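Q: Contents of work.txt (compact mmCIF, C-alpha atoms):
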# COMPACT_ATOMS: atom_id res chain seq x y z
CA MET A 1 126.41 99.29 96.26
CA GLU A 2 125.60 102.06 93.82
CA PHE A 3 122.05 103.16 93.22
CA GLU A 4 122.16 102.43 89.50
CA SER A 5 123.30 98.85 89.97
CA LEU A 6 120.53 98.25 92.51
CA TYR A 7 118.07 99.78 90.07
CA ARG A 8 119.22 97.56 87.18
CA GLN A 9 119.14 94.51 89.43
CA HIS A 10 115.60 94.93 90.77
CA VAL A 11 113.62 97.13 88.40
CA GLN A 12 112.05 94.28 86.43
CA ALA A 13 110.76 92.49 89.52
CA VAL A 14 109.35 95.70 90.95
CA PHE A 15 107.72 96.68 87.66
CA ARG A 16 106.22 93.20 87.24
CA PHE A 17 104.70 93.43 90.71
CA ALA A 18 103.32 96.89 89.97
CA MET A 19 101.79 95.58 86.75
CA SER A 20 100.21 92.68 88.62
CA ILE A 21 98.39 95.23 90.77
CA THR A 22 97.29 97.73 88.16
CA ARG A 23 97.60 96.26 84.65
CA ARG A 24 98.08 99.89 83.57
CA ARG A 25 101.56 100.41 82.27
CA GLU A 26 101.79 104.12 83.06
CA ILE A 27 100.58 103.61 86.62
CA ALA A 28 102.96 100.69 87.07
CA GLU A 29 105.83 102.91 85.91
CA ASP A 30 104.76 105.61 88.38
CA LEU A 31 104.69 103.12 91.24
CA THR A 32 108.08 101.70 90.24
CA SER A 33 109.53 105.18 89.99
CA GLU A 34 108.24 106.13 93.44
CA ALA A 35 109.70 102.98 94.97
CA PHE A 36 113.15 103.70 93.58
CA MET A 37 112.87 107.37 94.60
CA ALA A 38 112.27 106.15 98.15
CA LEU A 39 115.28 103.87 97.83
CA HIS A 40 117.39 106.80 96.63
CA ARG A 41 116.39 108.79 99.71
CA GLU A 42 117.07 105.93 102.11
CA MET A 43 120.19 104.54 100.46
CA ASP A 44 122.27 104.94 103.63
CA SER A 45 119.91 103.03 105.85
CA ILE A 46 118.76 100.21 103.55
CA ASP A 47 120.54 96.88 103.58
CA PRO A 48 120.73 95.62 99.97
CA ALA A 49 119.81 92.18 101.30
CA GLN A 50 116.34 93.59 102.04
CA LEU A 51 115.76 94.21 98.34
CA PRO A 52 113.58 93.78 96.38
CA ALA A 53 111.14 93.02 99.23
CA TRP A 54 111.55 96.56 100.58
CA LEU A 55 110.80 98.07 97.16
CA ILE A 56 107.76 95.84 96.70
CA THR A 57 106.43 96.95 100.06
CA VAL A 58 106.78 100.57 98.95
CA VAL A 59 104.85 99.79 95.75
CA ARG A 60 102.14 98.02 97.75
CA ASN A 61 101.77 100.96 100.12
CA ARG A 62 101.65 103.46 97.26
CA ALA A 63 98.97 101.36 95.57
CA ARG A 64 96.93 101.42 98.78
CA ASP A 65 97.29 105.19 98.84
CA LEU A 66 95.99 105.31 95.26
CA TRP A 67 92.95 103.30 96.24
CA ARG A 68 92.34 105.61 99.15
CA HIS A 69 92.94 108.93 97.50
CA GLN A 70 91.51 108.48 94.02
CA SER A 71 87.93 108.19 95.21
CA ILE A 72 87.92 104.50 94.49
CA GLU A 73 86.34 103.87 97.84
CA GLU A 74 83.27 105.75 96.68
CA ARG A 75 83.21 103.73 93.48
CA TYR A 76 83.59 100.64 95.59
CA ALA A 77 80.61 101.57 97.72
CA VAL A 78 78.52 101.82 94.56
CA ASP A 79 80.02 98.82 92.79
CA MET A 80 80.30 96.43 95.66
CA LYS A 81 76.79 95.16 96.22
CA PRO A 82 76.19 91.63 97.49
CA ALA A 83 77.50 89.25 94.84
CA THR A 84 74.63 86.84 95.09
CA PRO A 85 71.32 88.25 96.26
CA PRO A 86 69.35 85.89 98.50
CA THR A 87 66.62 85.61 95.89
CA ALA A 88 69.03 84.67 93.06
CA PRO A 89 68.44 81.28 91.49
CA PRO A 90 71.12 78.61 91.87
CA ALA A 91 73.99 78.58 89.40
CA SER A 92 72.96 77.43 85.96
CA GLY A 93 74.40 74.40 84.19
CA LEU A 94 76.71 76.58 82.13
CA GLU A 95 78.03 78.38 85.22
CA GLU A 96 78.65 75.05 86.93
CA TRP A 97 80.49 73.83 83.87
CA ILE A 98 82.73 76.93 83.78
CA LEU A 99 83.58 76.59 87.47
CA GLU A 100 83.94 72.85 87.75
CA ASP A 101 85.02 71.29 84.46
CA ALA A 102 88.20 69.43 85.28
CA GLY A 103 89.63 69.97 81.82
CA LEU A 104 89.72 73.75 82.19
CA LYS A 105 92.74 75.44 83.71
CA PRO A 106 92.29 78.69 85.64
CA ILE A 107 93.51 80.73 82.67
CA HIS A 108 90.95 79.04 80.37
CA ARG A 109 88.17 79.84 82.82
CA LEU A 110 89.31 83.43 83.09
CA CYS A 111 89.33 83.88 79.31
CA VAL A 112 85.83 82.36 79.02
CA MET A 113 84.52 84.58 81.81
CA LEU A 114 86.01 87.75 80.35
CA ARG A 115 84.96 86.95 76.80
CA TYR A 116 81.43 85.55 77.18
CA VAL A 117 80.27 87.03 80.49
CA SER A 118 82.16 90.33 80.83
CA GLY A 119 81.89 90.81 77.04
CA MET A 120 85.50 91.76 76.35
CA THR A 121 87.18 91.56 72.96
CA ARG A 122 90.23 89.33 72.57
CA THR A 123 92.41 92.43 72.49
CA GLU A 124 90.97 93.70 75.78
CA ILE A 125 91.51 90.30 77.38
CA ALA A 126 95.12 90.31 76.17
CA VAL A 127 95.67 93.69 77.80
CA GLU A 128 93.99 92.65 81.04
CA THR A 129 95.86 89.40 81.37
CA GLY A 130 99.22 90.33 79.91
CA ILE A 131 99.16 87.40 77.50
CA SER A 132 99.16 87.69 73.73
CA GLU A 133 96.01 87.87 71.66
CA THR A 134 97.00 84.62 69.97
CA GLN A 135 97.22 82.91 73.33
CA VAL A 136 93.81 84.27 74.25
CA LYS A 137 92.34 82.84 71.05
CA GLY A 138 93.98 79.47 71.73
CA HIS A 139 92.63 79.31 75.28
CA LEU A 140 89.12 80.14 74.05
CA GLN A 141 89.23 77.55 71.28
CA TYR A 142 90.30 74.88 73.74
CA ALA A 143 87.55 75.86 76.21
CA LEU A 144 84.90 75.86 73.48
CA SER A 145 85.94 72.40 72.33
CA LEU A 146 85.37 71.12 75.89
CA LEU A 147 82.08 73.02 76.08
CA ARG A 148 80.87 71.44 72.86
CA LYS A 149 81.48 67.99 74.28
CA ALA A 150 79.78 68.81 77.58
CA HIS A 151 76.88 70.51 75.83
CA GLY A 152 76.45 67.48 73.57
CA VAL A 153 76.38 65.19 76.60
CA ARG A 154 73.81 67.43 78.32
CA GLN A 155 71.57 67.54 75.22
CA SER A 156 71.77 63.80 74.68
CA MET B 1 82.06 95.32 75.23
CA SER B 2 81.89 92.53 72.71
CA GLN B 3 78.49 91.29 71.69
CA PRO B 4 77.51 87.96 70.16
CA ARG B 5 77.90 89.61 66.74
CA ASP B 6 81.58 90.06 67.64
CA TRP B 7 81.94 86.31 67.97
CA ASP B 8 83.38 84.25 65.13
CA ALA B 9 81.58 81.31 63.56
CA GLU B 10 83.18 78.79 65.89
CA GLU B 11 82.02 80.70 68.96
CA ARG B 12 78.48 81.12 67.62
CA GLU B 13 78.25 77.44 66.90
CA ALA B 14 79.60 76.40 70.35
CA LEU B 15 77.38 78.82 72.25
CA ASP B 16 74.26 78.24 70.21
CA GLY B 17 71.25 77.88 72.49
CA LEU B 18 73.08 79.14 75.59
CA ASP B 19 72.12 82.82 75.28
CA GLY B 20 69.63 82.64 78.14
CA GLU B 21 72.10 81.03 80.49
CA LEU B 22 74.79 83.53 79.60
CA ALA B 23 72.40 86.41 80.25
CA GLU B 24 71.55 84.94 83.64
CA ILE B 25 75.21 84.56 84.56
CA ARG B 26 75.86 88.18 83.56
CA ARG B 27 72.98 89.33 85.70
CA ARG B 28 74.19 87.33 88.70
CA HIS B 29 77.70 88.75 88.57
CA GLN B 30 77.15 92.29 87.38
CA ASP B 31 77.82 93.67 90.89
CA ASP B 32 80.93 91.62 91.63
CA PRO B 33 84.15 93.49 92.46
CA SER B 34 86.01 94.69 89.41
CA LEU B 35 89.04 92.90 88.02
CA GLU B 36 91.36 95.65 89.26
CA MET B 37 89.97 95.33 92.75
CA LEU B 38 90.35 91.56 92.81
CA ARG B 39 93.87 91.93 91.45
CA ALA B 40 94.81 94.47 94.12
CA ALA B 41 93.28 92.27 96.82
CA GLU B 42 95.33 89.33 95.60
CA ALA B 43 98.50 91.46 95.85
CA ASP B 44 97.50 92.72 99.32
CA ALA B 45 97.49 96.24 97.88
CA LEU B 46 94.08 97.38 99.10
CA PRO B 47 93.41 99.53 102.16
CA PRO B 48 92.35 97.23 105.03
CA GLU B 49 88.74 98.36 105.09
CA ILE B 50 88.20 97.58 101.41
CA LYS B 51 90.21 94.40 101.55
CA ALA B 52 88.07 93.06 104.37
CA ARG B 53 84.95 93.45 102.25
CA VAL B 54 86.55 91.87 99.20
CA THR B 55 87.79 88.97 101.33
CA ARG B 56 84.28 88.38 102.64
CA HIS B 57 82.97 88.45 99.09
CA LEU B 58 85.59 85.95 97.95
CA GLN B 59 84.59 83.56 100.72
CA ASP B 60 81.04 83.49 99.33
CA SER B 61 81.68 83.64 95.59
CA ALA B 62 83.20 80.68 93.76
CA TRP B 63 82.97 82.77 90.57
CA SER B 64 85.25 85.52 91.89
CA ARG B 65 87.62 82.96 93.36
CA ALA B 66 87.92 81.43 89.88
CA VAL B 67 88.68 84.87 88.47
CA VAL B 68 91.46 85.34 91.03
CA ASP B 69 92.86 81.89 90.26
CA GLY B 70 92.99 82.83 86.59
CA LEU B 71 94.65 86.18 87.33
CA ARG B 72 97.43 84.35 89.19
CA GLU B 73 98.46 82.76 85.89
CA THR B 74 98.78 86.07 84.08
CA GLY B 75 101.40 88.75 83.84
CA ALA B 76 104.45 86.49 83.68
CA ASP B 77 105.63 88.28 80.55
CA ASP B 78 105.35 91.81 81.89
CA HIS B 79 108.67 93.60 81.64
CA LEU B 80 110.29 96.91 80.82
CA ASP B 81 112.26 96.93 77.60
CA ALA B 82 115.76 98.42 77.65
CA ALA B 83 114.63 101.82 76.39
CA SER B 84 111.85 102.05 78.99
CA GLU B 85 114.23 100.94 81.71
CA ASP B 86 116.69 103.72 80.78
CA ARG B 87 113.93 106.29 80.48
CA LEU B 88 112.59 105.38 83.92
CA PHE B 89 116.06 105.54 85.43
CA GLU B 90 116.61 108.99 83.98
CA ARG B 91 113.26 110.13 85.36
CA ILE B 92 114.06 108.78 88.84
CA THR B 93 117.51 110.36 89.00
CA ARG B 94 116.19 113.68 87.72
CA LYS B 95 113.49 113.74 90.39
CA ALA B 96 115.92 112.56 93.06
CA GLN B 97 118.29 115.41 92.29
CA ALA B 98 115.46 117.88 92.52
CA THR B 99 114.40 116.51 95.91
CA PRO B 100 116.80 117.00 98.82
CA SER B 101 117.99 113.73 100.26
CA ARG B 102 117.40 112.90 103.91
CA ALA B 103 120.68 111.11 104.43
CA PRO B 104 123.01 114.12 104.02
CA SER B 105 120.83 115.98 106.49
CA ARG B 106 121.46 113.27 109.06
CA ARG B 107 125.16 113.42 108.31
CA ARG B 108 125.14 117.19 108.84
CA TRP B 109 123.48 116.91 112.24
CA SER B 110 125.33 113.91 113.63
CA PRO B 111 128.52 115.79 114.71
CA ALA B 112 126.40 118.37 116.44
CA ILE B 113 124.52 115.65 118.29
CA ALA B 114 127.83 114.06 119.29
CA ILE B 115 129.19 117.39 120.56
CA GLY B 116 125.98 117.98 122.46
CA GLY B 117 126.29 114.57 124.08
CA LEU B 118 129.89 115.30 125.09
CA ALA B 119 128.88 118.64 126.55
CA LEU B 120 126.13 116.98 128.57
CA ALA B 121 128.57 114.36 129.83
CA ALA B 122 131.09 117.08 130.76
CA THR B 123 128.40 119.01 132.65
CA LEU B 124 127.38 115.95 134.60
CA LEU B 125 131.01 115.17 135.37
CA ILE B 126 131.62 118.69 136.67
CA ALA B 127 128.48 118.50 138.80
CA VAL B 128 129.55 115.18 140.31
CA VAL B 129 133.10 116.36 141.02
CA VAL B 130 131.88 119.57 142.62
CA GLN B 131 129.30 117.70 144.70
CA ARG B 132 131.98 115.37 146.09
CA SER B 133 134.56 118.07 146.78
CA GLY B 134 132.97 119.58 149.88
CA PRO B 135 134.52 121.41 152.89
CA ASP B 136 136.96 118.51 153.36
CA THR B 137 138.91 119.46 150.30
CA VAL B 138 139.01 123.18 150.86
CA VAL B 139 141.54 124.14 153.48
CA PRO B 140 140.97 127.46 155.21
CA PRO B 141 143.85 129.85 155.48
CA ASP B 142 145.94 129.42 158.61
CA GLY B 143 145.20 132.77 160.08
CA ALA B 144 141.52 132.85 159.34
CA SER B 145 140.14 131.15 162.44
CA ALA B 146 142.61 132.94 164.74
CA SER B 147 141.76 136.36 163.45
CA ILE B 148 138.01 135.75 163.64
CA GLY B 149 138.22 133.99 166.97
CA VAL B 150 134.83 132.29 166.77
CA LYS B 151 133.66 129.07 165.22
CA PRO B 152 132.38 129.74 161.75
CA PRO B 153 128.61 129.48 161.52
CA ILE B 154 127.21 126.67 159.43
CA VAL B 155 125.54 128.25 156.47
CA ASP B 156 122.88 126.38 154.60
CA SER B 157 124.16 125.53 151.20
CA VAL B 158 121.02 126.39 149.26
CA PRO B 159 120.90 130.12 149.97
CA THR B 160 124.65 130.27 149.55
CA ILE B 161 124.44 128.93 146.07
CA ARG B 162 121.56 131.21 145.28
CA HIS B 163 123.53 134.29 146.36
CA ALA B 164 126.63 133.09 144.64
CA LEU B 165 124.92 133.04 141.29
CA PRO B 166 124.88 136.22 139.24
CA SER B 167 122.18 138.54 140.44
CA ARG B 168 120.99 139.29 136.95
CA ASN B 169 117.73 137.78 135.85
CA PRO B 170 118.76 134.85 133.66
CA ARG B 171 115.74 135.36 131.43
CA SER B 172 117.10 138.65 130.24
CA SER B 173 120.78 137.75 130.33
CA SER B 174 122.90 137.94 127.25
CA VAL B 175 123.34 134.20 127.40
CA ARG B 176 119.62 133.71 127.32
CA ARG B 177 119.31 136.08 124.40
CA ARG B 178 122.02 134.18 122.61
CA TRP B 179 120.20 130.95 123.27
CA ARG B 180 117.09 132.32 121.65
CA GLY B 181 119.05 133.66 118.76
CA ALA B 182 120.88 130.42 118.32
CA VAL B 183 117.80 128.68 116.99
CA MET B 184 118.79 129.60 113.49
CA ARG B 185 122.51 129.09 114.06
CA PRO B 186 124.46 125.89 113.54
CA PRO B 187 124.00 123.41 116.40
CA THR B 188 127.69 123.54 117.33
CA HIS B 189 127.14 127.12 118.48
CA LEU B 190 124.37 125.95 120.80
CA CYS B 191 126.66 123.36 122.31
CA GLY B 192 129.38 125.96 122.95
CA ILE B 193 126.98 128.20 124.81
CA TRP B 194 125.64 125.28 126.78
CA LEU B 195 129.14 124.22 127.79
CA ARG B 196 130.09 127.75 128.91
CA GLN B 197 126.87 128.07 130.88
CA SER B 198 127.47 124.74 132.60
CA THR B 199 131.06 125.67 133.46
CA ARG B 200 129.87 128.96 134.89
CA ILE B 201 127.37 127.26 137.18
CA GLY B 202 130.03 124.78 138.25
CA ARG B 203 132.42 127.60 139.18
CA ALA B 204 129.71 129.33 141.16
CA ILE B 205 129.13 126.17 143.17
CA ILE B 206 132.86 125.86 143.89
CA ARG B 207 133.04 129.47 145.07
CA ALA B 208 130.06 128.96 147.33
CA ARG B 209 131.62 125.93 148.94
CA SER B 210 134.92 127.80 149.45
CA ARG B 211 133.18 130.62 151.23
CA ARG B 212 131.24 128.23 153.42
CA SER B 213 134.39 126.38 154.44
CA ILE B 214 136.18 129.54 155.57
CA GLY B 215 133.11 131.05 157.20
CA CYS B 216 132.56 133.87 154.78
CA ARG B 217 129.17 135.41 154.43
CA PRO B 218 127.99 135.71 150.86
CA CYS B 219 128.47 139.40 150.54
CA ILE B 220 130.01 139.90 147.16
CA PRO B 221 128.85 137.78 144.30
CA ASP B 222 131.41 136.37 141.90
CA ARG B 223 134.26 136.61 144.42
CA SER B 224 135.73 133.49 145.89
CA LYS B 225 137.97 135.27 148.42
CA CYS B 226 136.89 137.70 151.06
CA PRO B 227 138.34 141.15 150.81
CA SER B 228 140.92 141.81 153.47
CA THR B 229 138.92 144.70 154.97
CA TRP B 230 135.98 142.44 155.68
CA ALA B 231 138.07 139.83 157.50
Can I see the file as C-alpha cells?
A:
Amino acid sequence: MEFESLYRQHVQAVFRFAMSITRRREIAEDLTSEAFMALHREMDSIDPAQLPAWLITVVRNRARDLWRHQSIEERYAVDMKPATPPTAPPASGLEEWILEDAGLKPIHRLCVMLRYVSGMTRTEIAVETGISETQVKGHLQYALSLLRKAHGVRQS
Amino acid sequence: MSQPRDWDAEEREALDGLDGELAEIRRRHQDDPSLEMLRAAEADALPPEIKARVTRHLQDSAWSRAVVDGLRETGADDHLDAASEDRLFERITRKAQATPSRAPSRRRWSPAIAIGGLALAATLLIAVVVQRSGPDTVVPPDGASASIGVKPPIVDSVPTIRHALPSRNPRSSSVRRRWRGAVMRPPTHLCGIWLRQSTRIGRAIIRARSRRSIGCRPCIPDRSKCPSTWA
C-alpha cells in the first residue's frame, strides 16, 4: 500500500491520540509528523495490519522522550509534592459534593474543578478539554443548578 | 486565572457563602500533578519513573482520579481539517526526502550478503571435499616406488601443509593489503577476494596431500609434482 493512502487512512486517529496527550495543537502535529516519518522509513518492514497501533506507539514513545528531555522531570520534582499532607483537614462538604454527587457526570466535575478551583476562564477550559465554550457554559450551569439544590438542603 | 469577579451573576449567586470552602480546596490541591501530567499518565505516555509516582498519587487522591475521569470524556472532536492534513503530509514527505531511507540501504546490501553466504558455503564445501580425498584417491605414478626403492616415509600432515603454503607473510601479502583497502569498496569485491583466498588454500591442501601420497618431501612450494632431477 502506498504511503499517502496509509497516511490519509490513519492520520486523524494518530493526531487525536497526540492531542489527548498534549492538548497543544503544534506539539500534537509534531508528534504525528514524527510517527509518519518513522513509518516512511520502515515502510518495507511494517505490515499495514499493525496500523494505527504501531503509529500510536511511536507517538507515545516520542511523548515520553519529550517528558524526559524537556526538563519536565525537574518541574515534576518541584510540582509533585504529596497531594494531601498528613496534617490536612478532611475534605470539606463542598469537596465531597463535587466528588460524590450522583447527578454530576465526570465532565461536569472536571468543568467545576477547572473553573472554581483551578480558576480557569471558560475559554481556557474549552482549550484544555477540546469541547466548545458553549458546552463548557452548559456543563457549568447544570452543575450549579445541582449545587444550589444541595446547598439549600445543607442550609435547611 | 479567573477570579470571583470573572464569574457571572448566576455563578456568584450559586457560590455565595462558599468562598472559604473553595479557598480550602484550592490549598489542598495546589501541589497536585498538572493536567498535562495526568493526561500523559492516562495515555501511558510518561517515562516509567514519573508514571510510577503519578500512579501512587492517583491511588491516594480521589480528586485527581475525578480529574482523570473527566479528561477521558474530552477530546472526541479533535481532528485535522483538510488543509492541515495536506500541510502535514507535505511537511512529512519533504522531511522524508531529505532524510535517507533505511530500506534502500538494506536492499543495497542484501545481494552482497547473499554472495558472501555463497562464498562461505563454497569454502566449506571445498574444505570438506579436500579433507575426504586423502591418499586413497591420489594414485602414485607407476614408476615412482620402483625408482625410489624404499617405502615412502609417512609425513605428518601439519608441517606439510605449513610448507605448502606460500612462504610470504600473509600480513604483508597483496591479498591482505587488498582486504584492508576493500573496507571502502563495494561488498561484492570483498566476497571475490575471500573466494579466491579460500580456493588458494584449498589448492595448497590438495598439493600437500599429493606430495605425501607419492612420498615427496616438501621442497618446492607451489609445485604439486616433483621435478624429475629430484626423483
Q: Please check the contacts: residues of chain A at most 6 Å away from chain B, using only C-alpha atoms, listed as number ranges by chain.
A: A: 12, 16, 21, 33, 41, 60, 63-64, 79-81, 83, 106-107, 110, 117, 119-121, 129-130, 148
Q: Could you work out how far atom CA of Tyr7 of chain A lies from atom CA of Asp44 of chain A, giving the answer in Å with one decimal?
A: 15.1 Å
Q: Select all residues near (109.3, 95.4, 95.1) (cut-off 10 Å, inclusive, file coordinates), counting all atoms listed in the file, and output them as a PDB file with C-alpha atoms, in the frame of the given file.
A:
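After the write, out.pdb holds the following:
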ATOM      1  CA  HIS A  10     115.600  94.930  90.770  1.00  0.00           C
ATOM      2  CA  VAL A  11     113.620  97.130  88.400  1.00  0.00           C
ATOM      3  CA  GLN A  12     112.050  94.280  86.430  1.00  0.00           C
ATOM      4  CA  ALA A  13     110.760  92.490  89.520  1.00  0.00           C
ATOM      5  CA  VAL A  14     109.350  95.700  90.950  1.00  0.00           C
ATOM      6  CA  PHE A  15     107.720  96.680  87.660  1.00  0.00           C
ATOM      7  CA  ARG A  16     106.220  93.200  87.240  1.00  0.00           C
ATOM      8  CA  PHE A  17     104.700  93.430  90.710  1.00  0.00           C
ATOM      9  CA  ALA A  18     103.320  96.890  89.970  1.00  0.00           C
ATOM     10  CA  LEU A  31     104.690 103.120  91.240  1.00  0.00           C
ATOM     11  CA  THR A  32     108.080 101.700  90.240  1.00  0.00           C
ATOM     12  CA  ALA A  35     109.700 102.980  94.970  1.00  0.00           C
ATOM     13  CA  PHE A  36     113.150 103.700  93.580  1.00  0.00           C
ATOM     14  CA  LEU A  51     115.760  94.210  98.340  1.00  0.00           C
ATOM     15  CA  PRO A  52     113.580  93.780  96.380  1.00  0.00           C
ATOM     16  CA  ALA A  53     111.140  93.020  99.230  1.00  0.00           C
ATOM     17  CA  TRP A  54     111.550  96.560 100.580  1.00  0.00           C
ATOM     18  CA  LEU A  55     110.800  98.070  97.160  1.00  0.00           C
ATOM     19  CA  ILE A  56     107.760  95.840  96.700  1.00  0.00           C
ATOM     20  CA  THR A  57     106.430  96.950 100.060  1.00  0.00           C
ATOM     21  CA  VAL A  58     106.780 100.570  98.950  1.00  0.00           C
ATOM     22  CA  VAL A  59     104.850  99.790  95.750  1.00  0.00           C
ATOM     23  CA  ARG A  60     102.140  98.020  97.750  1.00  0.00           C
TER      24      ARG A  60
END
Q: Take atom CA of Gly103 of chain A and atom CA of Val136 of chain A and report the distance between them in Å, one decimal.
A: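 Atom CA of Val136 of chain A lies at a distance of 16.7 Å from atom CA of Gly103 of chain A.
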Q: Extract, using all atoms listed in the file, all DNA, RNA and protein residues at most 10 Å from Gly138 of chain A, discarding same-chain residues fewer than 5 positions from it, and format them as a list in words.
A: His108, Cys111, Ser132, Glu133, Ala143 and Leu144 of chain A
Q: Around all the atoms of segment 41-53 of chain A listed in the file, draw an axis-aligned box and extend it by 8 Å on each of the six sides; I want its centre and edge lengths in Å to one decimal, as lines of an AutoDock Vina configuration file.
A:
center_x = 116.7
center_y = 100.5
center_z = 101.1
size_x = 27.1
size_y = 32.6
size_z = 25.5
Q: Give me the residues within 9 Å of Met43 of chain A as number ranges by chain, counting only C-alpha atoms and dropping any in the same chain fewer than 4 places off.
A: A: 2-3, 38-39, 47-48; B: 103
